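Input: a single structure, listed below in structure tokens.
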Amino acid sequence: MNKKTDKKAWLALVMLLPALLFAGKYSGEIFQLAPGVANQAMGGTGLTDKGNVSAAWWNPALLNVNNGKSIELMHAEQFEGLMQLNSAAARLGTDNTMGIVINHVGINNVGLTRLENDSLPPSPDNQPYIYKRVNNNDLIASLGIGRRMRENLFLGIAPKLAYRNLAEKSGFGFGADLGLLWQINPKFAFGAVAKDFFSTQIIWENGTVETALPSLNTEMSLENRFSKKQIPYRLVLNLESMFEGRAEAATINAGPWSADLHAGLAINPIPQLKLMAGYDVDAITTGLGIQISKLNVEYAIKLGSEEDLGYSQRVSAGWRW
């Protein structure tokens, strides 16, 4: 088994593990794989980005802030191509904007192994062999609706449905996210999203129910201009809190509570070009966006370590009107 195949097998095991354990911890991992290219380029942020096409996933409260219509298609090669992540997103409507995001996560051609003689332990004469290859796929759809509560306060909700097919096991999931955006003043904004706020349920074909525990994501952003040349920039700080007792797996932990840090910076040296960089938990991210009339093209890369299964890159094309 070569190195890339070995990584793929481990990645498939991580995806399948909640289905095998039927426990709450890590059960919501499929709902944490975020769409969006600019979001990855800026360190995994996006709760206060008013032009976010994937607002139904990131923060449904954004949907009634900016009533512009937009669509976007994204393809991502996660962990050096071991995992595929594809998404289609749209913001529709005029007076009342609605958002739709469809996420597909897949690991293809994963080999299932067994020993030549199952009654004996592994040995030089009893080696495992691949007897079958399977595909692992997740499909998640979010429908977001946002409302203005006050002049500078917005709320939103995004029900979501999921279908999981992992190593010949399948199940359906349902849940919802609740979002808030507070435009403190023209420069500062605060966003918060309660993910899976009533505990998302995943029901497997054998009747077992898996529960994804709620999490809380908060973000503060600053939009300003460099004084001399009036170049726009946007600075974002994000704290993602979970309540699963992740211990050393998180940046900060205290008993059952843990948190990861995210940060991002975007600069527009000219109106048609956006340069982005960020920090995503323990990895550096960067990317750029090009706006040509109503067409928007973006690229991002996350420089993960060998322990993190390598780098990830994304590309998207969108149309705004």
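Residue numbering restarts at 1 for every chain of the structure tokens, chains are lettered A, B, ... in their displayed order, and ligands are numbered from 1 as they appear.
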
Find the residues around range 138-151 of chain A up to 7 Å (only C-alpha atoms counted), leave out those fewer than 6 positions away in its own chain, and share them as a tab-separated table (two decimals) with C-alpha atoms, in the first residue's frame.
chain	number	residue	atom	x	y	z
A	56	ALA	CA	-26.79	30.06	4.05
A	57	TRP	CA	-23.95	27.88	5.40
A	60	PRO	CA	-27.93	33.14	7.37
A	61	ALA	CA	-28.23	36.55	9.07
A	62	LEU	CA	-26.13	37.96	6.18
A	63	LEU	CA	-28.88	37.21	3.68
A	64	ASN	CA	-30.96	40.35	4.19
A	97	THR	CA	-33.18	37.36	0.15
A	98	MET	CA	-32.95	33.57	0.39
A	99	GLY	CA	-29.77	31.52	0.32
A	100	ILE	CA	-29.13	27.96	-0.85
A	101	VAL	CA	-25.94	25.91	-0.44
A	102	ILE	CA	-25.45	22.31	-1.58
A	103	ASN	CA	-22.23	20.65	-0.38
A	104	HIS	CA	-20.81	17.36	-1.67
A	105	VAL	CA	-17.96	15.60	0.14
A	106	GLY	CA	-16.46	12.46	-1.34
A	157	ILE	CA	-32.00	30.60	10.28
A	158	ALA	CA	-30.83	27.81	7.99
A	159	PRO	CA	-32.49	24.37	8.15
A	160	LYS	CA	-30.34	21.65	6.60
A	161	LEU	CA	-30.65	18.09	5.35
A	162	ALA	CA	-27.89	15.54	4.86
A	163	TYR	CA	-27.45	12.17	3.19
A	164	ARG	CA	-24.49	9.96	4.14
A	165	ASN	CA	-23.21	6.90	2.30

Note to self: Please list as a list of chain:residue names every residue within 7 Å of Leu295 in chain A, counting only C-alpha atoms and excluding residues in the same chain fewer than 3 positions away.
What the structure shows: A:Gln291, A:Ile292, A:Gly318, A:Trp319, A:Arg320

Notebook entry, point to check: Quick one: residues within 7 Å of Thr218 in chain A, only C-alpha atoms counted, chain neighbours fewer than 3 positions away excluded, as a ChimeraX atom specification?
Noted result: /A:191-193,238-240

Note to self: Could you tell me how far CA of Asp260 in chain A sits from CA of Gly289 in chain A, in Å to one decimal place?
What the structure shows: 25.9 Å

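Shortest separation to Thr45 in chain A among A:Lys132, A:Arg225, A:His262, A:Lys69 occurs at residue A:His262, atoms counted being only C-alpha atoms.
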
Check: Among range 211-297 of chain A, which ones does DSSP place in strand (DSSP E), written as number ranges by chain?
Finding: A: 211-212, 215-226, 231-242, 252-254, 257-270, 273-280, 283-292, 295-297

Item checked: CA of Lys229 in chain A to CA of Val65 in chain A, straight-line distance in Å ->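 Taking CA of Val65 in chain A as the start and CA of Lys229 in chain A as the end point, the length is 28.0 Å.
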
Note to self: Would you pick out the contacts of range 110-112 of chain A at 6 Å or less, using only C-alpha atoms, so that residues sharing its chain but fewer than 6 positions from it are not included, and give the list as JSON, numbers by chain?
What the structure shows: {"A": [130, 132, 133, 134]}

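With only C-alpha atoms as the atoms that count, the minimum distance from Asn268 in chain A to the choices A:Leu92, A:Leu155, A:Ile231, A:Leu166 is reached by A:Ile231.
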
Note to self: as a count of residues only, please: every residue in range 114-310 of chain A that DSSP puts in helix (DSSP H, G or I).
What the structure shows: 6

Could you pull the residues within 6 Å of Val236 in chain A, counting only C-alpha atoms, minus those fewer than 6 positions along the same chain, as a PDB file with N, CA and C atoms, in the first residue's frame?
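Now in around_14.pdb:
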ATOM      1  N   MET A 220     -15.416  38.928  14.698  1.00  0.00           N
ATOM      2  CA  MET A 220     -15.379  40.388  14.678  1.00  0.00           C
ATOM      3  C   MET A 220     -14.584  40.821  13.450  1.00  0.00           C
ATOM      4  N   SER A 221     -15.099  41.835  12.722  1.00  0.00           N
ATOM      5  CA  SER A 221     -14.401  42.295  11.526  1.00  0.00           C
ATOM      6  C   SER A 221     -14.292  43.809  11.512  1.00  0.00           C
ATOM      7  N   ALA A 263      -8.167  33.711  11.572  1.00  0.00           N
ATOM      8  CA  ALA A 263      -7.961  35.124  11.283  1.00  0.00           C
ATOM      9  C   ALA A 263      -7.747  35.303   9.788  1.00  0.00           C
ATOM     10  N   GLY A 264      -8.162  36.460   9.281  1.00  0.00           N
ATOM     11  CA  GLY A 264      -8.006  36.701   7.856  1.00  0.00           C
ATOM     12  C   GLY A 264      -7.834  38.172   7.536  1.00  0.00           C
TER      13      GLY A 264
END

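Nearest to Phe226 in chain A of all the residues A:Gly255, A:Pro269, A:Pro35, A:Gly44 is A:Pro269, based on only C-alpha atoms.
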
Note to self: So that I can check the surroundings of Ile184 in chain A, please list as a ChimeraX atom specification every protein, DNA and RNA residue that reaches within 12 Å of it, counting only C-alpha atoms and ignoring chain neighbours fewer than 2 positions away.
What the structure shows: /A:48,150-154,181-182,186-191,220-223

Can you write out the residues you just picked, keeping N, CA and C atoms, as a PDB file, in the first residue's frame?
ATOM      1  N   THR A  48     -19.121  37.528   8.942  1.00  0.00           N
ATOM      2  CA  THR A  48     -19.451  38.950   8.786  1.00  0.00           C
ATOM      3  C   THR A  48     -19.223  39.446   7.366  1.00  0.00           C
ATOM      4  N   ARG A 150     -33.533  45.221  13.478  1.00  0.00           N
ATOM      5  CA  ARG A 150     -33.374  46.642  13.707  1.00  0.00           C
ATOM      6  C   ARG A 150     -32.503  47.202  12.586  1.00  0.00           C
ATOM      7  N   GLU A 151     -32.215  48.492  12.655  1.00  0.00           N
ATOM      8  CA  GLU A 151     -31.425  49.117  11.597  1.00  0.00           C
ATOM      9  C   GLU A 151     -30.068  48.448  11.426  1.00  0.00           C
ATOM     10  N   ASN A 152     -29.467  48.006  12.527  1.00  0.00           N
ATOM     11  CA  ASN A 152     -28.122  47.440  12.469  1.00  0.00           C
ATOM     12  C   ASN A 152     -28.053  46.012  13.015  1.00  0.00           C
ATOM     13  N   LEU A 153     -29.194  45.342  13.168  1.00  0.00           N
ATOM     14  CA  LEU A 153     -29.232  43.999  13.734  1.00  0.00           C
ATOM     15  C   LEU A 153     -30.008  43.054  12.820  1.00  0.00           C
ATOM     16  N   PHE A 154     -29.398  41.914  12.498  1.00  0.00           N
ATOM     17  CA  PHE A 154     -29.984  40.950  11.581  1.00  0.00           C
ATOM     18  C   PHE A 154     -29.944  39.556  12.202  1.00  0.00           C
ATOM     19  N   LEU A 181     -26.059  38.927  13.034  1.00  0.00           N
ATOM     20  CA  LEU A 181     -25.092  39.923  12.582  1.00  0.00           C
ATOM     21  C   LEU A 181     -25.439  41.263  13.210  1.00  0.00           C
ATOM     22  N   TRP A 182     -24.458  41.877  13.860  1.00  0.00           N
ATOM     23  CA  TRP A 182     -24.631  43.192  14.476  1.00  0.00           C
ATOM     24  C   TRP A 182     -23.634  44.137  13.825  1.00  0.00           C
ATOM     25  N   PRO A 186     -20.172  51.786  10.956  1.00  0.00           N
ATOM     26  CA  PRO A 186     -19.796  51.520   9.562  1.00  0.00           C
ATOM     27  C   PRO A 186     -18.517  50.701   9.386  1.00  0.00           C
ATOM     28  N   LYS A 187     -17.660  50.656  10.395  1.00  0.00           N
ATOM     29  CA  LYS A 187     -16.382  49.937  10.269  1.00  0.00           C
ATOM     30  C   LYS A 187     -16.396  48.557  10.929  1.00  0.00           C
ATOM     31  N   PHE A 188     -17.051  48.439  12.073  1.00  0.00           N
ATOM     32  CA  PHE A 188     -16.983  47.202  12.853  1.00  0.00           C
ATOM     33  C   PHE A 188     -18.291  46.412  12.755  1.00  0.00           C
ATOM     34  N   ALA A 189     -18.125  45.086  12.645  1.00  0.00           N
ATOM     35  CA  ALA A 189     -19.290  44.194  12.632  1.00  0.00           C
ATOM     36  C   ALA A 189     -18.989  42.976  13.490  1.00  0.00           C
ATOM     37  N   PHE A 190     -20.041  42.447  14.117  1.00  0.00           N
ATOM     38  CA  PHE A 190     -19.921  41.238  14.950  1.00  0.00           C
ATOM     39  C   PHE A 190     -20.922  40.203  14.431  1.00  0.00           C
ATOM     40  N   GLY A 191     -20.454  38.973  14.259  1.00  0.00           N
ATOM     41  CA  GLY A 191     -21.318  37.886  13.829  1.00  0.00           C
ATOM     42  C   GLY A 191     -21.224  36.704  14.756  1.00  0.00           C
ATOM     43  N   MET A 220     -15.416  38.928  14.698  1.00  0.00           N
ATOM     44  CA  MET A 220     -15.379  40.388  14.678  1.00  0.00           C
ATOM     45  C   MET A 220     -14.584  40.821  13.450  1.00  0.00           C
ATOM     46  N   SER A 221     -15.099  41.835  12.722  1.00  0.00           N
ATOM     47  CA  SER A 221     -14.401  42.295  11.526  1.00  0.00           C
ATOM     48  C   SER A 221     -14.292  43.809  11.512  1.00  0.00           C
ATOM     49  N   LEU A 222     -13.232  44.280  10.861  1.00  0.00           N
ATOM     50  CA  LEU A 222     -12.975  45.702  10.671  1.00  0.00           C
ATOM     51  C   LEU A 222     -12.813  45.968   9.185  1.00  0.00           C
ATOM     52  N   GLU A 223     -13.599  46.903   8.638  1.00  0.00           N
ATOM     53  CA  GLU A 223     -13.458  47.333   7.250  1.00  0.00           C
ATOM     54  C   GLU A 223     -13.014  48.783   7.244  1.00  0.00           C
TER      55      GLU A 223
END
